[in-house]
Each structure stands twice: as C-alpha cells, then as structure tokens.
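Asker: Here you go, one structure.
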Amino acid sequence: MAPRPLRDPSPGRIIPHMGNLSEGRHTDEHPSAIVARGLVVRRGPNEVLHGLDLDVPSGQLVGLLGPSGSGKSTLMRAIVGVQLVESGTITVLGMPAGDPSLRHRVGYVTQAPSVYADLTVEENLKYFASVLGTDSDSVARAIEAVDLTRYAKTRVSRLSGGETSRVSLAVALVGEPEVLVLDEPTVGLDPVLRRDLWALFARLAADARTVLVSSHVMDEATRCDRLLLLRNGDLLADVTLPELFERTGADDADQAFLTLVERTEVAR
Ligand code: ADP
Ligand code: MG
C-alpha cells in the first residue's frame, strides 16, 4: 500500500495518519524516534493537547517552538512518560513512552533543572549515574561532552548560569541516551552562551542522537534541522526552516509563525 500523505495542500493542516504506529513517516536514514498519534492530554480542567500527530526523526536536532502556554512542556512530559495521557498513542524508539526499557535511552532536562549546588560537577553526575545504575566511565564522558572537564571538581554553586545549564545537560547524558529531551535549556542565557549551547546540541545530534529542544524564542529556529511549531496545543507545522519560509513567504521565523497563525485563524 502506498503511504498516505500526511498533509493536505493547505498549510499547517494535518490529516490523521493511519499507518503503522512504530514506523512513523520518516526515511530509512532518519526513522522516527518519537511518534505521536491523536495525543490528547488534559491538565486540571483544561485540555492542553488536542489530538496531536507528530513524528520526530532520529539523529536530528529538532526544535519544538511555540509561545508560552502552547503545550511544549506538556508534550515533552508525555514523551518522557511522566504525563498522564487521556487518549492517543506516543511511542519513543518503538516503545510506549515511559516504558522501563527507555530509562537509559531517553535523557530529559526539565525547565527548572535540579542539580545539587553543594556538590561538585562530578559528584552530581556520579549520584545520577548510581541512580541509573550506569558505569563511572559514562560520568567522565558526559562531563567531557559538555566541555566541563576542567570544572569536574568544582562545586556547582561556584559555576556561572551557563555552566550550570551544562551540568544539567551532562546529567541527562549519563547513561548515554539515544534521545534527549531538553525543555527550554537556553532561556535567560546571554546570546554567546545560547550560541554555544546550540552548537553543543548540534554536536550531540551529529553523534546520531535525537535531540528535541523546546524554546519560545522563534529565532532559535535557525539552529534546528527541523521545526515543530506548536500553538494552543495544536501543531501548526512540522517543517524545515527553508520549507517554512517558502510556505509563508516570510524571511524570519517570527513573521513565519505569525503568518501560520493568521492562516489557521482564517481557516476556522
Ligand atoms: P509551555 O511549556 O509551552 O509554556 P505548558 O505545557 O507548560 O506550556 O502548558 C500548556 C497549558 O497547560 C497552559 O495553558 C497551562 O496553563 C496548562 N497547564 C500546565 N500545567 C498545568 C497544571 N498542572 N494544571 C492545569 N493546567 C496546567
Ligand atoms: Mg514550558
């Protein structure tokens, strides 16, 4: 059977995909690492995600972009399996999100990262490695990956904001996960630190990891291989930046997002 198209010709509209859930729609080179179909999530009295369909290709740096309150953190929580899902499916590396077999394979940094300020970088990582039951080599490798080797014996309380963010990231790298889910890791950092962190995310993706990074700063779209644009719990687009520009006629990410929002409103 020929694959069904996912989209109708009008921008941002998604047709439900009825294919094999674990396959997703990405290519052999980048099979889908994360697949959601009809994902509905309710938090308190509000339905936050309204039947979301999405595919995150493996080995790419994917930006989950949307304004504050659009549901980025909720979606990420569903991906890592800590969010109660009302209906629909979500699989990660072919397993249901939150499956115990994914514990080492998925790394997650929340919006309010928790590392221990009174422990050194290395002590923090050793602690998390012991929780995960991973070997101590992975501690050294994680510290090196985030370029903090020279601060390994430094207490986190003595580090700058950007360095502390990198410690959180290193925690997520312990256990050498194939999928990294990073919730607004660059918020509040200065432009140089943001640039350095995005360069690090790109290196991690180049190393065959799937890296999903959320941001409410549309400009960060320029750093990503692909973009998932979220608004009010709906996926407005799943595109590359050039595709987004072509589709909207805009030449910056902010304007492109606004154009998509306006078209969706007209279509309603
Ligand atoms: P984002 O990360 O994009 O800022 P969130 O996923 O945090 O968005 O929130 C999406 C929506 O869910 C918002 O409208 C928010 O008010 C609502 N929400 C988040 N957490 C809760 C909660 N614990 N109870 C009720 N509603 C919540
Ligand atoms: Mg959030």
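Every chain in the structure tokens has a letter given in the order shown (A, B, ...), and although residue numbers restart at 1 in each chain, ligands are simply numbered from 1 in the order shown.
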Using only C-alpha atoms, which residues sit within 9 Å of stretch 105-119 of chain A once same-chain residues fewer than 5 positions away are excluded, as a PyMOL selection string?
Answerer: chain A and resi 73+76-77+80+92-93+124-125+153-158+164-165+167-169+171-185+187
Asker: Set the distance at 12 Å and use only C-alpha atoms: which residues neighbour A:Val261 once local chain neighbours fewer than 2 positions away are removed? I'd like the list as a ChimeraX atom specification.
Answerer: /A:11-13,66-67,229-232,234-237,248,254-259,263-268
Asker: Those residues with N, CA and C atoms, as a PDB file, in the first residue's frame please?
Answerer:
```pdb
ATOM      1  N   PRO A  11      -1.662  24.888   4.183  1.00  0.00           N
ATOM      2  CA  PRO A  11      -0.552  24.856   5.118  1.00  0.00           C
ATOM      3  C   PRO A  11      -1.003  24.556   6.540  1.00  0.00           C
ATOM      4  N   GLY A  12      -0.204  23.778   7.200  1.00  0.00           N
ATOM      5  CA  GLY A  12      -0.427  23.577   8.628  1.00  0.00           C
ATOM      6  C   GLY A  12      -1.555  22.627   8.971  1.00  0.00           C
ATOM      7  N   ARG A  13      -2.278  22.123   7.964  1.00  0.00           N
ATOM      8  CA  ARG A  13      -3.369  21.202   8.252  1.00  0.00           C
ATOM      9  C   ARG A  13      -2.842  19.777   8.243  1.00  0.00           C
ATOM     10  N   GLY A  66       7.152  27.381  20.258  1.00  0.00           N
ATOM     11  CA  GLY A  66       5.802  27.894  20.441  1.00  0.00           C
ATOM     12  C   GLY A  66       5.786  28.840  21.615  1.00  0.00           C
ATOM     13  N   PRO A  67       4.791  29.727  21.637  1.00  0.00           N
ATOM     14  CA  PRO A  67       4.724  30.692  22.733  1.00  0.00           C
ATOM     15  C   PRO A  67       4.521  29.995  24.075  1.00  0.00           C
ATOM     16  N   LEU A 229       6.135  23.475  15.160  1.00  0.00           N
ATOM     17  CA  LEU A 229       5.581  24.735  15.674  1.00  0.00           C
ATOM     18  C   LEU A 229       4.256  24.454  16.366  1.00  0.00           C
ATOM     19  N   LEU A 230       4.205  24.819  17.621  1.00  0.00           N
ATOM     20  CA  LEU A 230       3.050  24.492  18.454  1.00  0.00           C
ATOM     21  C   LEU A 230       2.348  25.785  18.860  1.00  0.00           C
ATOM     22  N   ARG A 231       1.024  25.753  18.835  1.00  0.00           N
ATOM     23  CA  ARG A 231       0.260  26.895  19.352  1.00  0.00           C
ATOM     24  C   ARG A 231      -1.044  26.385  19.939  1.00  0.00           C
ATOM     25  N   ASN A 232      -1.339  26.811  21.139  1.00  0.00           N
ATOM     26  CA  ASN A 232      -2.567  26.383  21.842  1.00  0.00           C
ATOM     27  C   ASN A 232      -2.773  24.879  21.749  1.00  0.00           C
ATOM     28  N   ASP A 234      -1.940  22.820  19.444  1.00  0.00           N
ATOM     29  CA  ASP A 234      -2.050  22.273  18.090  1.00  0.00           C
ATOM     30  C   ASP A 234      -0.728  22.438  17.363  1.00  0.00           C
ATOM     31  N   LEU A 235      -0.413  21.459  16.520  1.00  0.00           N
ATOM     32  CA  LEU A 235       0.798  21.542  15.717  1.00  0.00           C
ATOM     33  C   LEU A 235       0.487  22.359  14.468  1.00  0.00           C
ATOM     34  N   LEU A 236       1.115  23.529  14.356  1.00  0.00           N
ATOM     35  CA  LEU A 236       0.887  24.379  13.181  1.00  0.00           C
ATOM     36  C   LEU A 236       1.715  23.907  12.000  1.00  0.00           C
ATOM     37  N   ALA A 237       2.895  23.371  12.263  1.00  0.00           N
ATOM     38  CA  ALA A 237       3.759  22.939  11.167  1.00  0.00           C
ATOM     39  C   ALA A 237       4.835  22.017  11.674  1.00  0.00           C
ATOM     40  N   THR A 248       5.409  30.301   3.824  1.00  0.00           N
ATOM     41  CA  THR A 248       4.778  31.515   4.357  1.00  0.00           C
ATOM     42  C   THR A 248       5.184  32.768   3.594  1.00  0.00           C
ATOM     43  N   ASP A 254       9.912  34.576  13.263  1.00  0.00           N
ATOM     44  CA  ASP A 254       8.796  35.209  13.977  1.00  0.00           C
ATOM     45  C   ASP A 254       7.635  35.499  13.026  1.00  0.00           C
ATOM     46  N   GLN A 255       7.990  36.129  11.890  1.00  0.00           N
ATOM     47  CA  GLN A 255       6.965  36.503  10.913  1.00  0.00           C
ATOM     48  C   GLN A 255       6.304  35.258  10.331  1.00  0.00           C
ATOM     49  N   ALA A 256       7.112  34.241  10.079  1.00  0.00           N
ATOM     50  CA  ALA A 256       6.566  32.999   9.522  1.00  0.00           C
ATOM     51  C   ALA A 256       5.545  32.395  10.487  1.00  0.00           C
ATOM     52  N   PHE A 257       5.870  32.410  11.764  1.00  0.00           N
ATOM     53  CA  PHE A 257       4.958  31.859  12.764  1.00  0.00           C
ATOM     54  C   PHE A 257       3.647  32.643  12.763  1.00  0.00           C
ATOM     55  N   LEU A 258       3.761  33.978  12.749  1.00  0.00           N
ATOM     56  CA  LEU A 258       2.552  34.816  12.738  1.00  0.00           C
ATOM     57  C   LEU A 258       1.701  34.532  11.507  1.00  0.00           C
ATOM     58  N   THR A 259       2.368  34.368  10.369  1.00  0.00           N
ATOM     59  CA  THR A 259       1.631  34.085   9.135  1.00  0.00           C
ATOM     60  C   THR A 259       0.849  32.780   9.264  1.00  0.00           C
ATOM     61  N   ARG A 263      -3.249  32.351   9.136  1.00  0.00           N
ATOM     62  CA  ARG A 263      -3.918  31.446   8.183  1.00  0.00           C
ATOM     63  C   ARG A 263      -4.809  30.451   8.908  1.00  0.00           C
ATOM     64  N   THR A 264      -4.335  29.956  10.056  1.00  0.00           N
ATOM     65  CA  THR A 264      -5.148  28.994  10.798  1.00  0.00           C
ATOM     66  C   THR A 264      -6.429  29.662  11.271  1.00  0.00           C
ATOM     67  N   GLU A 265      -6.297  30.934  11.689  1.00  0.00           N
ATOM     68  CA  GLU A 265      -7.481  31.630  12.195  1.00  0.00           C
ATOM     69  C   GLU A 265      -8.476  31.874  11.061  1.00  0.00           C
ATOM     70  N   VAL A 266      -7.984  32.215   9.878  1.00  0.00           N
ATOM     71  CA  VAL A 266      -8.868  32.438   8.736  1.00  0.00           C
ATOM     72  C   VAL A 266      -9.578  31.138   8.373  1.00  0.00           C
ATOM     73  N   ALA A 267      -8.842  30.027   8.490  1.00  0.00           N
ATOM     74  CA  ALA A 267      -9.407  28.730   8.103  1.00  0.00           C
ATOM     75  C   ALA A 267     -10.495  28.256   9.060  1.00  0.00           C
ATOM     76  N   ARG A 268     -10.539  28.854  10.259  1.00  0.00           N
ATOM     77  CA  ARG A 268     -11.515  28.378  11.249  1.00  0.00           C
ATOM     78  C   ARG A 268     -12.904  28.919  10.971  1.00  0.00           C
TER      79      ARG A 268
END
```
Asker: Atom CA of A:Leu49 and atom 2 (O, counted along the ligand's line) of ligand 1, how far apart in Å?
Answerer: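 Between atom 2 (O, counted along the ligand's line) of ligand 1 and atom CA of A:Leu49 the gap works out to 11.4 Å.
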Asker: Produce a table with one row for each residue of chain A that has an atom at most 6 Å from any atom of ligand 1, each row naming the nearest atom pair and its distance in Å at one decimal; use only C-alpha atoms and all ligand atoms; arrange rows by chain and rising residue number; format as JSON lines.
Answerer:
```
{"residue": "A:Arg43", "atom": "CA", "partner": "ligand 1", "partner_atom_place_in_ligand_line": "25 (C)", "distance": 4.3}
{"residue": "A:Gly44", "atom": "CA", "partner": "ligand 1", "partner_atom_place_in_ligand_line": "25 (C)", "distance": 4.1}
{"residue": "A:Asn46", "atom": "CA", "partner": "ligand 1", "partner_atom_place_in_ligand_line": "26 (N)", "distance": 5.9}
{"residue": "A:Val48", "atom": "CA", "partner": "ligand 1", "partner_atom_place_in_ligand_line": "12 (O)", "distance": 5.1}
{"residue": "A:Pro67", "atom": "CA", "partner": "ligand 1", "partner_atom_place_in_ligand_line": "3 (O)", "distance": 6.0}
{"residue": "A:Ser68", "atom": "CA", "partner": "ligand 1", "partner_atom_place_in_ligand_line": "4 (O)", "distance": 3.6}
{"residue": "A:Gly69", "atom": "CA", "partner": "ligand 1", "partner_atom_place_in_ligand_line": "8 (O)", "distance": 3.5}
{"residue": "A:Ser70", "atom": "CA", "partner": "ligand 1", "partner_atom_place_in_ligand_line": "3 (O)", "distance": 3.9}
{"residue": "A:Gly71", "atom": "CA", "partner": "ligand 1", "partner_atom_place_in_ligand_line": "6 (O)", "distance": 3.2}
{"residue": "A:Lys72", "atom": "CA", "partner": "ligand 1", "partner_atom_place_in_ligand_line": "3 (O)", "distance": 3.7}
{"residue": "A:Ser73", "atom": "CA", "partner": "ligand 1", "partner_atom_place_in_ligand_line": "2 (O)", "distance": 3.7}
{"residue": "A:Thr74", "atom": "CA", "partner": "ligand 1", "partner_atom_place_in_ligand_line": "6 (O)", "distance": 3.7}
```
Asker: Please provide as an MDAnalysis selection string all residues within 12 Å of A:Val40, with the sequence filter that same-chain residues fewer than 3 positions apart are discarded (counting only C-alpha atoms).
Answerer: chainID A and resid 36:37 43 46:53 71 74:75 78 83:90 233:234
Asker: Taking C-alpha atoms for each residue, export the selection above as a PDB file, in the first residue's frame.
Answerer:
```pdb
ATOM      1  CA  ALA A  36       2.524  10.588  18.488  1.00  0.00           C
ATOM      2  CA  ARG A  37      -0.916   9.863  17.068  1.00  0.00           C
ATOM      3  CA  ARG A  43      -4.190  19.054  32.821  1.00  0.00           C
ATOM      4  CA  ASN A  46      -8.007  22.157  30.552  1.00  0.00           C
ATOM      5  CA  GLU A  47      -7.425  20.029  27.501  1.00  0.00           C
ATOM      6  CA  VAL A  48      -3.853  21.064  26.684  1.00  0.00           C
ATOM      7  CA  LEU A  49      -3.054  18.856  23.664  1.00  0.00           C
ATOM      8  CA  HIS A  50      -5.940  18.214  21.302  1.00  0.00           C
ATOM      9  CA  GLY A  51      -5.163  15.069  19.340  1.00  0.00           C
ATOM     10  CA  LEU A  52      -1.610  15.775  18.252  1.00  0.00           C
ATOM     11  CA  ASP A  53       0.046  13.817  15.423  1.00  0.00           C
ATOM     12  CA  GLY A  71       1.936  22.970  25.493  1.00  0.00           C
ATOM     13  CA  THR A  74       3.281  19.048  28.468  1.00  0.00           C
ATOM     14  CA  LEU A  75       4.281  17.360  25.212  1.00  0.00           C
ATOM     15  CA  ALA A  78       4.293  12.911  27.582  1.00  0.00           C
ATOM     16  CA  GLN A  83       2.430  12.883  31.888  1.00  0.00           C
ATOM     17  CA  LEU A  84      -0.939  11.174  32.157  1.00  0.00           C
ATOM     18  CA  VAL A  85      -2.311  10.833  28.633  1.00  0.00           C
ATOM     19  CA  GLU A  86      -6.068  10.987  28.090  1.00  0.00           C
ATOM     20  CA  SER A  87      -6.087   9.238  24.697  1.00  0.00           C
ATOM     21  CA  GLY A  88      -3.958   8.559  21.657  1.00  0.00           C
ATOM     22  CA  THR A  89      -0.549   6.935  21.462  1.00  0.00           C
ATOM     23  CA  ILE A  90       3.004   8.058  21.923  1.00  0.00           C
ATOM     24  CA  GLY A 233      -1.829  22.669  21.875  1.00  0.00           C
ATOM     25  CA  ASP A 234      -2.050  22.273  18.090  1.00  0.00           C
TER      26      ASP A 234
END
```
Asker: When DSSP is applied to the backbone of this structure, which of stretch 61-164 of chain A are assigned alpha helix (DSSP H)? Write them out as a PyMOL selection string.
Answerer: chain A and resi 72-80+121-132+137-145+161-164
Asker: Just how far from atom CA of A:Val131 is atom CA of A:Glu144, in Å to one decimal?
Answerer: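 Separation between atom CA of A:Glu144 and atom CA of A:Val131: 20.2 Å.
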Asker: Please provide as a PyMOL selection string all residues within 10 Å of A:Leu244, with the sequence filter that same-chain residues fewer than 5 positions apart are discarded (counting only C-alpha atoms).
Answerer: chain A and resi 11+226-227+237-239+249-253+256-257+260
Asker: Next, write the just-selected residues to a file, as a PDB file, in the first residue's frame, keeping N, CA and C atoms as the atom set.
Answerer:
```pdb
ATOM      1  N   PRO A  11      -1.662  24.888   4.183  1.00  0.00           N
ATOM      2  CA  PRO A  11      -0.552  24.856   5.118  1.00  0.00           C
ATOM      3  C   PRO A  11      -1.003  24.556   6.540  1.00  0.00           C
ATOM      4  N   ARG A 226      15.023  20.585  11.982  1.00  0.00           N
ATOM      5  CA  ARG A 226      13.584  20.603  11.710  1.00  0.00           C
ATOM      6  C   ARG A 226      12.882  21.367  12.822  1.00  0.00           C
ATOM      7  N   LEU A 227      11.652  21.781  12.516  1.00  0.00           N
ATOM      8  CA  LEU A 227      10.872  22.559  13.478  1.00  0.00           C
ATOM      9  C   LEU A 227       9.496  21.948  13.661  1.00  0.00           C
ATOM     10  N   ALA A 237       2.895  23.371  12.263  1.00  0.00           N
ATOM     11  CA  ALA A 237       3.759  22.939  11.167  1.00  0.00           C
ATOM     12  C   ALA A 237       4.835  22.017  11.674  1.00  0.00           C
ATOM     13  N   ASP A 238       5.254  21.140  10.765  1.00  0.00           N
ATOM     14  CA  ASP A 238       6.371  20.220  11.007  1.00  0.00           C
ATOM     15  C   ASP A 238       7.230  20.337   9.761  1.00  0.00           C
ATOM     16  N   VAL A 239       8.237  21.185   9.817  1.00  0.00           N
ATOM     17  CA  VAL A 239       8.930  21.636   8.598  1.00  0.00           C
ATOM     18  C   VAL A 239      10.413  21.885   8.879  1.00  0.00           C
ATOM     19  N   GLY A 249       6.243  32.684   2.805  1.00  0.00           N
ATOM     20  CA  GLY A 249       6.755  33.882   2.141  1.00  0.00           C
ATOM     21  C   GLY A 249       7.470  34.822   3.099  1.00  0.00           C
ATOM     22  N   ALA A 250       7.644  34.392   4.346  1.00  0.00           N
ATOM     23  CA  ALA A 250       8.330  35.241   5.337  1.00  0.00           C
ATOM     24  C   ALA A 250       9.833  34.996   5.247  1.00  0.00           C
ATOM     25  N   ASP A 251      10.605  35.930   5.780  1.00  0.00           N
ATOM     26  CA  ASP A 251      12.046  35.670   5.789  1.00  0.00           C
ATOM     27  C   ASP A 251      12.629  35.714   7.196  1.00  0.00           C
ATOM     28  N   ASP A 252      11.759  35.769   8.214  1.00  0.00           N
ATOM     29  CA  ASP A 252      12.266  35.480   9.556  1.00  0.00           C
ATOM     30  C   ASP A 252      11.245  34.607  10.284  1.00  0.00           C
ATOM     31  N   ALA A 253      11.753  33.900  11.274  1.00  0.00           N
ATOM     32  CA  ALA A 253      10.946  32.849  11.901  1.00  0.00           C
ATOM     33  C   ALA A 253       9.732  33.419  12.630  1.00  0.00           C
ATOM     34  N   ALA A 256       7.112  34.241  10.079  1.00  0.00           N
ATOM     35  CA  ALA A 256       6.566  32.999   9.522  1.00  0.00           C
ATOM     36  C   ALA A 256       5.545  32.395  10.487  1.00  0.00           C
ATOM     37  N   PHE A 257       5.870  32.410  11.764  1.00  0.00           N
ATOM     38  CA  PHE A 257       4.958  31.859  12.764  1.00  0.00           C
ATOM     39  C   PHE A 257       3.647  32.643  12.763  1.00  0.00           C
ATOM     40  N   LEU A 260       1.488  31.764   9.819  1.00  0.00           N
ATOM     41  CA  LEU A 260       0.791  30.481  10.002  1.00  0.00           C
ATOM     42  C   LEU A 260      -0.399  30.634  10.949  1.00  0.00           C
TER      43      LEU A 260
END
```
Asker: With only C-alpha atoms as the counted atoms, please give the residues lying no more than 8 Å from A:His30, apart from itself and same-chain residues fewer than 6 positions off, as a ChimeraX atom specification.
Answerer: /A:57-60
Asker: Hey, which of A:Ser138, A:Arg150, A:Ser215, A:Ser160 ends up closest to ligand 2? Count only C-alpha atoms and all ligand atoms.
Answerer: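 Ranking A:Ser138, A:Arg150, A:Ser215, A:Ser160 by distance to ligand 2, first place goes to A:Ser215.
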Asker: Of the candidates A:Val139, A:Val56, A:Val35, A:Met95, which shows the shortest atom-to-atom distance to A:Val211, using only C-alpha atoms?
Answerer: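 Among the listed residues, the smallest separation from A:Val211 belongs to A:Val56.
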Asker: In Å, how far is it from atom CA of A:Ala142 to atom CA of A:Leu193?
Answerer: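 For atom CA of A:Ala142 relative to atom CA of A:Leu193, the distance reads 18.6 Å.
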Asker: Please identify the strand (DSSP E or B) residues within stretch 57-263 of chain A (assignment by DSSP from backbone atoms) and present them as a ChimeraX atom specification.
Answerer: /A:57,61-65,87-92,95-96,106-109,120,155,179-182,210-215,226-231,234-239
Asker: Give me the residues within 9 Å of A:Thr222 as a list in words, counting only C-alpha atoms and dropping any in the same chain fewer than 3 places off.
Answerer: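 Here the answer would be Met218, Asp219, Asp225, Leu241 and Ala253 of chain A.
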